[in-house]
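Shown next: structure36.cif, containing mmCIF, C-alpha atoms and all ligand atoms.
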data_work
loop_
_atom_site.label_atom_id
_atom_site.label_comp_id
_atom_site.auth_asym_id
_atom_site.auth_seq_id
_atom_site.Cartn_x
_atom_site.Cartn_y
_atom_site.Cartn_z
CA MET A 1 38.83 133.30 153.71
CA LEU A 2 36.63 133.03 156.82
CA LYS A 3 35.15 130.02 158.56
CA MET A 4 31.88 129.42 160.37
CA ALA A 5 30.40 126.32 162.04
CA LYS A 6 27.27 125.03 160.30
CA THR A 7 25.45 125.15 163.61
CA ASP A 8 26.02 128.91 163.73
CA LEU A 9 24.02 129.60 160.57
CA ASP A 10 20.89 130.55 162.53
CA ALA A 11 22.92 132.91 164.73
CA PHE A 12 24.33 134.47 161.54
CA VAL A 13 20.76 135.01 160.32
CA ASP A 14 19.82 136.58 163.66
CA ALA A 15 22.72 139.00 163.29
CA LEU A 16 21.59 139.95 159.77
CA THR A 17 18.12 140.65 161.12
CA GLU A 18 19.59 142.65 164.00
CA ALA A 19 21.46 144.73 161.42
CA SER A 20 18.04 145.50 159.85
CA TYR A 21 18.38 143.29 156.79
CA VAL A 22 15.35 141.43 155.50
CA VAL A 23 16.57 137.85 155.17
CA LEU A 24 15.20 135.89 152.23
CA ALA A 25 15.95 132.18 152.07
CA PRO A 26 14.31 129.04 150.68
CA ILE A 27 11.05 128.36 152.55
CA GLU A 28 8.50 125.63 152.01
CA GLU A 29 5.22 126.31 150.27
CA GLY A 30 3.27 123.08 150.03
CA GLU A 31 5.56 120.59 148.36
CA ALA A 32 7.61 123.34 146.74
CA THR A 33 10.33 125.63 148.02
CA LYS A 34 10.73 129.28 147.10
CA PHE A 35 12.62 132.31 148.39
CA GLY A 36 10.66 134.08 151.10
CA VAL A 37 11.18 136.16 154.22
CA VAL A 38 12.69 134.22 157.08
CA ASP A 39 11.19 135.16 160.38
CA GLY A 40 12.72 133.12 163.15
CA GLU A 41 12.53 129.77 161.34
CA ARG A 42 15.51 127.45 161.17
CA ILE A 43 17.32 127.83 157.86
CA ARG A 44 17.24 124.76 155.63
CA ILE A 45 19.04 125.07 152.32
CA PRO A 46 17.60 122.64 149.74
CA ARG A 47 19.65 121.32 146.85
CA LEU A 48 17.87 123.87 144.67
CA SER A 49 14.63 125.74 145.41
CA THR A 50 11.72 124.59 143.26
CA ARG A 51 10.95 128.16 142.29
CA PRO A 52 13.68 130.36 140.86
CA LEU A 53 15.49 133.26 142.48
CA LYS A 54 14.24 135.65 139.76
CA GLU A 55 10.97 136.06 141.70
CA LEU A 56 12.74 138.29 144.20
CA PHE A 57 13.63 140.77 141.45
CA PHE A 58 11.02 140.18 138.76
CA PRO A 59 7.92 138.99 140.63
CA GLN A 60 5.16 136.96 139.01
CA ASP A 61 2.91 140.02 139.13
CA GLU A 62 3.49 143.56 140.29
CA SER A 63 1.93 146.98 140.10
CA LEU A 64 4.04 149.35 137.99
CA LEU A 65 2.03 152.49 138.64
CA SER A 66 -1.35 153.75 139.71
CA PHE A 67 -3.42 156.32 137.83
CA ASP A 68 -6.47 158.43 138.35
CA CYS A 69 -8.47 159.65 135.36
CA SER A 70 -11.47 160.86 137.32
CA GLY A 71 -10.34 164.48 137.49
CA THR A 72 -10.84 166.30 134.20
CA PRO A 73 -9.02 167.30 132.16
CA ASP A 74 -5.90 165.94 133.84
CA THR A 75 -4.92 162.37 134.44
CA SER A 76 -2.56 161.82 137.33
CA ILE A 77 0.00 159.06 137.30
CA ASP A 78 1.78 158.06 140.45
CA MET A 79 4.83 155.80 140.50
CA SER A 80 6.28 156.94 143.79
CA GLY A 81 4.32 154.74 146.17
CA VAL A 82 4.77 151.75 143.91
CA LEU A 83 8.50 152.27 143.55
CA ALA A 84 8.86 152.75 147.28
CA SER A 85 7.13 149.44 147.88
CA ALA A 86 9.03 147.69 145.10
CA GLY A 87 10.89 145.92 147.59
CA ILE A 88 12.59 147.84 149.63
CA SER A 89 14.64 147.61 152.64
CA PRO A 90 18.17 146.27 152.34
CA ARG A 91 17.87 142.52 151.84
CA VAL A 92 20.03 139.42 151.92
CA ALA A 93 19.18 136.46 149.70
CA LEU A 94 20.72 133.58 151.64
CA GLY A 95 21.14 130.03 150.42
CA VAL A 96 21.21 130.88 146.73
CA ARG A 97 22.74 128.18 144.53
CA PRO A 98 25.40 129.15 141.96
CA CYS A 99 23.14 128.63 138.93
CA ASP A 100 20.52 131.02 140.31
CA ALA A 101 23.15 133.63 141.25
CA ARG A 102 24.46 133.42 137.70
CA SER A 103 20.95 133.78 136.26
CA LEU A 104 20.79 137.30 137.70
CA VAL A 105 23.80 138.37 135.66
CA LEU A 106 21.98 137.13 132.55
CA LEU A 107 18.78 138.94 133.54
CA ASP A 108 20.77 142.15 134.04
CA ASN A 109 21.23 142.15 130.26
CA VAL A 110 17.48 142.54 129.92
CA PHE A 111 16.48 144.72 132.86
CA ALA A 112 19.65 146.63 133.78
CA SER A 113 21.49 147.33 130.54
CA ASP A 114 22.88 150.62 129.26
CA ASP A 115 19.99 150.78 126.79
CA TYR A 116 17.23 150.10 129.27
CA ARG A 117 17.07 150.09 133.05
CA ASP A 118 13.93 148.78 134.64
CA PRO A 119 13.53 150.82 137.85
CA TYR A 120 11.72 148.06 139.76
CA TYR A 121 14.24 145.35 138.96
CA THR A 122 17.32 147.54 139.42
CA LEU A 123 16.13 148.89 142.76
CA ARG A 124 15.73 145.36 144.06
CA ARG A 125 19.11 144.35 142.65
CA GLU A 126 20.84 147.30 144.30
CA LYS A 127 19.25 146.56 147.66
CA THR A 128 19.98 142.84 147.73
CA VAL A 129 23.16 141.05 148.77
CA ILE A 130 23.49 137.58 147.25
CA VAL A 131 24.89 134.97 149.62
CA THR A 132 25.47 131.82 147.62
CA PHE A 133 26.13 128.27 148.86
CA ALA A 134 28.26 125.97 146.70
CA CYS A 135 26.37 122.81 145.70
CA PRO A 136 27.33 119.82 147.84
CA LEU A 137 25.39 117.40 145.68
CA PRO A 138 24.44 118.47 142.16
CA GLY A 139 21.25 116.75 140.98
CA VAL A 140 20.92 114.33 138.07
CA ALA A 141 19.20 116.98 135.96
CA CYS A 142 21.85 119.65 136.65
CA PHE A 143 24.11 120.58 133.73
CA CYS A 144 25.51 123.92 134.91
CA GLU A 145 29.06 122.99 133.84
CA SER A 146 27.92 122.56 130.24
CA THR A 147 26.54 126.11 130.20
CA GLY A 148 29.69 127.75 131.59
CA GLY A 149 28.83 127.62 135.30
CA GLY A 150 29.48 125.01 137.97
CA PRO A 151 28.72 124.01 141.57
CA TYR A 152 31.43 126.42 142.77
CA ASP A 153 30.84 129.16 140.22
CA GLU A 154 30.95 132.55 141.96
CA THR A 155 29.37 134.60 139.15
CA GLY A 156 26.64 136.88 140.49
CA SER A 157 27.47 136.22 144.15
CA ASP A 158 28.51 138.73 146.80
CA VAL A 159 29.48 136.21 149.48
CA PHE A 160 30.19 132.52 148.82
CA PHE A 161 29.77 129.69 151.37
CA MET A 162 31.51 126.34 150.82
CA GLU A 163 30.87 123.27 152.95
CA VAL A 164 33.78 121.48 154.53
CA ALA A 165 32.98 118.85 157.18
CA ASP A 166 30.89 120.54 159.87
CA SER A 167 31.78 124.10 158.79
CA TYR A 168 31.42 126.59 155.98
CA LEU A 169 34.31 128.47 154.48
CA VAL A 170 33.08 131.96 153.71
CA LYS A 171 34.58 133.91 150.81
CA VAL A 172 33.96 137.57 150.10
CA ILE A 173 33.38 138.08 146.38
CA SER A 174 32.26 141.68 145.96
CA GLU A 175 32.43 145.06 147.71
CA LYS A 176 28.78 144.59 148.58
CA GLY A 177 29.59 141.28 150.26
CA LYS A 178 32.55 142.81 152.07
CA GLY A 179 30.30 145.59 153.36
CA LEU A 180 27.75 143.09 154.61
CA LEU A 181 30.28 141.08 156.61
CA GLN A 182 31.89 144.23 157.99
CA GLU A 183 28.50 145.41 159.15
CA VAL A 184 27.47 142.12 160.69
CA SER A 185 30.80 141.10 162.23
CA PRO A 186 30.55 143.40 165.29
CA LEU A 187 27.17 141.84 166.03
CA LEU A 188 28.79 138.42 165.94
CA GLU A 189 31.69 139.34 168.14
CA GLY A 190 31.19 139.28 171.82
CA SER A 191 27.59 140.49 171.97
CA SER A 192 26.92 137.19 173.70
CA PRO A 193 29.27 134.31 174.65
CA GLU A 194 27.93 131.94 172.01
CA ARG A 195 28.45 134.53 169.28
CA SER A 196 32.00 135.34 170.18
CA CYS A 197 33.71 133.38 167.42
CA ILE A 198 31.10 132.73 164.75
CA LEU A 199 33.27 134.06 161.90
CA HIS A 200 37.01 133.59 162.10
CA GLU A 201 39.96 133.15 159.73
CA ALA A 202 40.16 129.78 158.00
CA ASP A 203 43.52 128.00 158.17
CA ASP A 204 45.47 126.40 155.30
CA GLU A 205 44.13 122.95 156.12
CA ASP A 206 40.53 124.17 155.76
CA ILE A 207 41.31 125.81 152.43
CA GLN A 208 43.03 122.66 151.17
CA ALA A 209 40.00 120.58 152.22
CA VAL A 210 37.55 122.81 150.42
CA MET A 211 39.70 122.75 147.25
CA GLU A 212 39.67 118.95 147.31
CA ALA A 213 35.89 118.85 147.86
CA LYS A 214 35.48 121.28 144.99
CA ALA A 215 37.50 119.08 142.62
CA VAL A 216 35.43 116.00 143.53
CA ARG A 217 32.08 117.76 143.19
CA GLU A 218 32.90 119.39 139.90
CA GLN A 219 33.66 115.97 138.50
CA SER A 220 30.24 114.70 139.55
CA VAL A 221 28.38 117.30 137.48
CA ASN A 222 27.09 116.32 134.09
CA THR A 223 29.43 117.99 131.59
CA GLY A 224 28.31 115.81 128.73
CA VAL A 225 25.53 118.00 127.38
CA PRO A 226 26.76 119.39 124.04
CA VAL A 227 25.47 122.89 124.64
CA GLU A 228 28.24 124.76 122.81
CA ALA A 229 27.91 122.51 119.76
CA ALA A 230 24.14 123.04 119.74
CA VAL A 231 24.60 126.82 120.02
CA ALA A 232 26.87 126.71 116.95
CA ILE A 233 24.29 124.74 114.96
CA LEU A 234 21.34 126.85 116.10
CA GLY A 235 23.23 129.92 114.92
CA GLN A 236 23.01 128.77 111.31
CA VAL A 237 20.43 130.52 109.20
CA ASP A 238 18.77 127.39 107.79
CA VAL A 239 18.08 125.81 111.21
CA PHE A 240 14.81 127.69 111.42
CA GLY A 241 13.14 125.45 108.85
CA ASP A 242 14.90 122.27 109.89
CA SER A 243 12.77 119.12 110.00
CA ALA A 244 14.12 118.23 113.48
CA TRP A 245 11.68 120.69 115.07
CA GLU A 246 8.82 118.39 113.96
CA GLU A 247 10.25 115.64 116.11
CA VAL A 248 11.66 117.42 119.16
CA HIS A 249 8.54 119.40 120.06
CA LYS A 250 6.06 116.51 119.75
CA LYS A 251 5.54 115.72 123.43
CA CYS A 252 5.13 119.36 124.48
CA LEU A 253 1.75 120.22 126.06
CA GLY A 254 2.31 123.97 125.98
CA CYS A 255 1.79 124.24 129.76
CA ALA A 256 4.68 126.77 130.19
CA VAL A 257 5.93 125.22 133.42
CA CYS A 258 9.42 125.19 131.89
CA THR A 259 9.39 128.94 131.31
CA TYR A 260 7.80 129.93 134.62
CA LEU A 261 10.32 127.92 136.62
CA CYS A 262 13.28 128.92 134.48
CA PRO A 263 15.48 131.44 136.31
CA THR A 264 16.33 133.24 133.07
CA CYS A 265 12.97 133.38 131.24
CA HIS A 266 11.66 136.91 131.44
CA CYS A 267 8.69 137.41 129.11
CA PHE A 268 5.91 139.54 130.56
CA ASP A 269 2.63 141.19 129.68
CA ILE A 270 1.30 144.52 130.95
CA GLY A 271 -2.38 145.31 131.51
CA ASP A 272 -4.48 147.94 133.26
CA GLU A 273 -6.89 147.02 136.03
CA VAL A 274 -9.40 149.84 136.27
CA THR A 275 -12.17 150.49 138.74
CA GLY A 276 -14.22 153.60 138.07
CA GLY A 277 -11.82 156.31 137.03
CA SER A 278 -8.71 154.94 138.65
CA GLY A 279 -6.59 151.87 138.46
CA GLU A 280 -3.23 150.18 138.37
CA ARG A 281 -0.89 149.07 135.62
CA ILE A 282 0.10 145.48 136.34
CA ARG A 283 3.02 143.50 134.93
CA ASN A 284 2.55 139.71 134.85
CA TRP A 285 4.83 136.90 133.75
CA ASP A 286 3.93 135.61 130.31
CA SER A 287 5.30 132.76 128.25
CA CYS A 288 6.27 132.17 124.63
CA MET A 289 4.73 128.70 125.05
CA PHE A 290 1.20 130.17 124.99
CA PRO A 291 -0.66 130.82 121.69
CA LEU A 292 -1.96 134.20 122.86
CA PHE A 293 1.60 135.43 123.38
CA THR A 294 1.99 136.29 119.68
CA LEU A 295 -1.64 136.53 118.54
CA HIS A 296 -2.09 139.72 116.52
CA ALA A 297 -5.22 141.87 116.73
CA SER A 298 -5.89 140.87 113.10
CA GLY A 299 -6.26 137.23 114.18
CA HIS A 300 -2.99 136.23 112.53
CA ASN A 301 -0.55 134.31 114.70
CA PRO A 302 3.06 134.03 113.49
CA ARG A 303 3.59 131.10 115.86
CA PRO A 304 0.39 129.17 115.23
CA SER A 305 1.34 125.76 116.61
CA ARG A 306 3.35 124.31 119.49
CA LYS A 307 6.16 123.54 117.07
CA GLU A 308 6.84 127.23 116.39
CA ARG A 309 6.43 128.10 120.07
CA PHE A 310 8.78 125.37 121.24
CA ARG A 311 11.29 126.41 118.58
CA GLN A 312 11.08 129.99 119.84
CA ARG A 313 11.90 128.92 123.40
CA VAL A 314 14.96 126.98 122.29
CA MET A 315 16.12 129.55 119.72
CA HIS A 316 15.71 132.45 122.13
CA LYS A 317 17.83 130.77 124.79
CA PHE A 318 20.54 129.35 122.61
CA ASN A 319 20.66 131.65 119.60
CA TYR A 320 18.91 135.05 119.82
CA PHE A 321 20.06 135.75 123.38
CA VAL A 322 23.60 134.73 122.43
CA GLU A 323 23.53 137.10 119.44
CA ASN A 324 22.25 139.98 121.55
CA ASN A 325 24.19 139.48 124.76
CA ASP A 326 27.09 137.16 124.02
CA CYS A 327 25.84 134.52 126.45
CA MET A 328 23.14 131.86 126.36
CA ALA A 329 19.97 132.29 128.42
CA CYS A 330 20.37 129.02 130.29
CA VAL A 331 22.34 128.24 133.44
CA GLY A 332 21.76 124.48 133.38
CA CYS A 333 19.74 124.43 136.61
CA GLY A 334 17.65 121.52 135.33
CA ARG A 335 14.33 122.89 136.65
CA CYS A 336 12.70 122.53 133.23
CA VAL A 337 13.98 118.94 133.04
CA ARG A 338 12.71 118.00 136.52
CA ASN A 339 9.32 119.67 136.25
CA CYS A 340 8.13 119.09 132.68
CA PRO A 341 5.02 116.89 133.04
CA VAL A 342 5.90 114.90 129.90
CA ASN A 343 9.66 114.69 130.54
CA LEU A 344 10.61 116.78 127.56
CA ASP A 345 14.30 117.17 128.27
CA ILE A 346 16.06 120.28 126.91
CA ARG A 347 19.38 118.39 127.08
CA GLN A 348 18.08 115.85 124.58
CA VAL A 349 16.80 118.64 122.33
CA LEU A 350 20.25 120.23 122.34
CA ALA A 351 21.88 116.87 121.70
CA ALA A 352 19.50 116.33 118.76
CA PHE A 353 20.90 119.45 117.11
CA ALA A 354 24.52 119.26 118.17
CA GLY A 355 26.83 117.85 115.58
CA ARG A 356 24.18 117.02 113.00
CA GLU A 357 24.13 118.05 109.40
CA LEU A 358 21.23 120.33 108.66
CA ALA A 359 18.88 119.59 105.77
S1 LIG A 401 7.06 122.03 130.66
FE1 LIG A 401 7.25 120.48 129.05
S2 LIG A 401 5.14 120.23 128.28
FE2 LIG A 401 5.16 122.15 129.47
S3 LIG A 401 5.55 123.72 127.88
FE3 LIG A 401 7.57 123.14 128.76
S4 LIG A 401 8.34 121.53 127.37
FE4 LIG A 401 6.13 121.76 126.96
S1 LIG A 402 16.30 126.31 130.26
FE1 LIG A 402 15.96 124.78 131.89
S2 LIG A 402 18.03 124.22 132.58
FE2 LIG A 402 18.23 126.15 131.43
S3 LIG A 402 18.10 127.75 133.00
FE3 LIG A 402 15.99 127.45 132.20
S4 LIG A 402 15.06 125.94 133.59
FE4 LIG A 402 17.29 125.89 133.96
#

What would the structure in this file look like if it were written as structure tokens?
Amino acid sequence: MLKMAKTDLDAFVDALTEASYVVLAPIEEGEATKFGVVDGERIRIPRLSTRPLKELFFPQDESLLSFDCSGTPDTSIDMSGVLASAGISPRVALGVRPCDARSLVLLDNVFASDDYRDPYYTLRREKTVIVTFACPLPGVACFCESTGGGPYDETGSDVFFMEVADSYLVKVISEKGKGLLQEVSPLLEGSSPERSCILHEADDEDIQAVMEAKAVREQSVNTGVPVEAAVAILGQVDVFGDSAWEEVHKKCLGCAVCTYLCPTCHCFDIGDEVTGGSGERIRNWDSCMFPLFTLHASGHNPRPSRKERFRQRVMHKFNYFVENNDCMACVGCGRCVRNCPVNLDIRQVLAAFAGRELA
């Protein structure tokens, strides 16, 4: 385990840049924070960025290919330029929180499985090193522990930073993370006097201190959300028609904020934007909370009201995704809880199902 003073974080970022990495960290955009390119700014790691990490791999909109139909009889399709621009110099996502790092492992089931590999997503995944920071102060809406994660969960991380007093302990998690530190270390050693000892071996006392901090912080996370019990109930066939859906969806406005800010939601739509004989095929985020999402060309809509759409969101996360991938599509980040304009709390929805007898 290595150690670095907190005040050396900016020098660490400089070294990453010097090693030709694009550094992506939480940056402010209005009142929100999102992952963006850091260019000389001081790094500030918020408790959790407002917008999810998924945007770095599955952006809100992106061009999948360009085409030209103007030449007859052939139509040319070009993916090369688009793939080349799909992201991609080597990058470091710095200041990721454990729930967001874990969300990538869940998204890999969708975009990087044996059955289907999305070239845009996988290219970005391959080129990005995830540097996660343990959570010093989990928020009141966080329930990562109840979904199998935690403020010190290392799933999905390549390098893991843990605060202890005025330093970070730095743990290498993956080969990718090891490679990053090996590459950057020479730039931190002796290239200038102030860089000479940025990363050094932690001693036993440091490791003991971080273990104690970890124990205290894990206790402060809300573990009382009965997620597993709800998953068991939602897996029963007759839950689909259960009368509880009438009650739990009532406040929902159908605004889709919960799905857009969710690090694991991944629905999208694809459309062509054409000018003259040429154009681009664009992928945009979509949401199961919108009526048009399932509207058939015939006019029939199998999810005609907000009740069916809300049920779909909950069932997809806590039942269908579990059946398909053996894990739920929720990391307990609490973004949907914090940002729902009518305070519709997914934890209460899960509690409403957990442990109850179904009609
Ligand atoms: S954020 Fe709240 S109101 Fe908006 S769609 Fe989600 S649950 Fe409904
Ligand atoms: S459902 Fe809510 S708590 Fe769970 S991962 Fe999505 S935004 Fe976070």

- Quote the spacing between CA of Asn339 in chain A and CA of Ala141 in chain A in Å to one decimal place. 10.2 Å

- Task: Could I get the residue neighbourhood of ligand LIG 402 (chain A) at 8 Å, counting only C-alpha atoms and all ligand atoms, as a list in words?
- Result: Cys99, Ser103, Cys142, Phe143, Cys144, Cys258, Thr259, Leu261, Cys262, Pro263, Thr264, Cys265, Lys317, Ala329, Cys330, Val331, Gly332, Cys333, Gly334, Arg335, Cys336, Val337 and Ile346 of chain A

Include C-alpha atoms and write out the residues we just selected as a compact mmCIF listing (two decimals), in the frame of the given file.
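Heads up, here's the output in result32.txt:
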# COMPACT_ATOMS: atom_id res chain seq x y z
CA CYS A 99 23.14 128.63 138.93
CA SER A 103 20.95 133.78 136.26
CA CYS A 142 21.85 119.65 136.65
CA PHE A 143 24.11 120.58 133.73
CA CYS A 144 25.51 123.92 134.91
CA CYS A 258 9.42 125.19 131.89
CA THR A 259 9.39 128.94 131.31
CA LEU A 261 10.32 127.92 136.62
CA CYS A 262 13.28 128.92 134.48
CA PRO A 263 15.48 131.44 136.31
CA THR A 264 16.33 133.24 133.07
CA CYS A 265 12.97 133.38 131.24
CA LYS A 317 17.83 130.77 124.79
CA ALA A 329 19.97 132.29 128.42
CA CYS A 330 20.37 129.02 130.29
CA VAL A 331 22.34 128.24 133.44
CA GLY A 332 21.76 124.48 133.38
CA CYS A 333 19.74 124.43 136.61
CA GLY A 334 17.65 121.52 135.33
CA ARG A 335 14.33 122.89 136.65
CA CYS A 336 12.70 122.53 133.23
CA VAL A 337 13.98 118.94 133.04
CA ILE A 346 16.06 120.28 126.91

- Could I get the residue neighbourhood of ligand LIG 401 (chain A) at 6 Å, counting all atoms listed in the file, as a ChimeraX atom specification? /A:252-258,289,340-342,344

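Among the candidates A:Ile198, A:Val170, A:Ala101, A:Val38, the one nearest to Leu53 in chain A when counting all atoms listed in the file is A:Ala101.
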
- Task: Name the closest residue to Glu28 in chain A among the candidates A:Leu295, A:Val184, A:Val225, A:Ile43; distances are taken between atoms, counting all atoms listed in the file.
- Result: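 Of the candidates, the smallest distance to Glu28 in chain A is held by A:Ile43.
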
Once 5 Å is added on each side, what are the centre and the three edge lengths, in Å to one decimal, of the axis-aligned box enclosing the listed atoms of range 150-157 of chain A? Present them as lines of an AutoDock Vina configuration file.
center_x = 29.0
center_y = 130.4
center_z = 141.1
size_x = 14.8
size_y = 22.9
size_z = 16.2

Show me, as a short mmCIF file (atom, residue, chain, number, x, y, z; two decimals) with C-alpha atoms, in the coordinates of the input, the residues that have an atom within 9 Å of Phe58 in chain A when counting all atoms listed in the file, minus same-chain residues fewer than 5 positions from it.
data_model
loop_
_atom_site.label_atom_id
_atom_site.label_comp_id
_atom_site.auth_asym_id
_atom_site.auth_seq_id
_atom_site.Cartn_x
_atom_site.Cartn_y
_atom_site.Cartn_z
CA TYR A 120 11.72 148.06 139.76
CA TYR A 121 14.24 145.35 138.96
CA ARG A 124 15.73 145.36 144.06
CA HIS A 266 11.66 136.91 131.44
CA TRP A 285 4.83 136.90 133.75
#

- Of the candidates A:Ala213, A:Ala19, A:Leu107, A:Leu234, which one gets nearest to Glu323 in chain A if we count only C-alpha atoms?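 That would be A:Leu234, the residue with the smallest distance to Glu323 in chain A.
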
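We find CA of Leu65 in chain A and CA of Arg117 in chain A to be spaced 16.2 Å apart.
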
- Neighbour residues at most 10 Å from (33.3, 119.0, 141.8) (only C-alpha atoms) as a ChimeraX atom specification: /A:134-138,145,150-152,211-221

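Checking A:Met328, A:Val248, A:Ile130, A:Ile270 one by one against Arg306 in chain A, counting all atoms listed in the file, you find the shortest gap at A:Val248.
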
- Could you tell me which of A:Phe133, A:Phe310, A:Lys178, A:Cys69 comes closest to Pro46 in chain A if we count all atoms listed in the file?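 The answer is A:Phe133, which sits nearest to Pro46 in chain A.
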
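As for CA of Cys288 in chain A and CA of Arg309 in chain A, they are spaced 6.1 Å apart.
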
- Message: Under the rule that only C-alpha atoms are counted, which of A:Ser66, A:Ser305, A:Gln312, A:Thr50 is the nearest residue to Lys250 in chain A?
- Response: A:Ser305
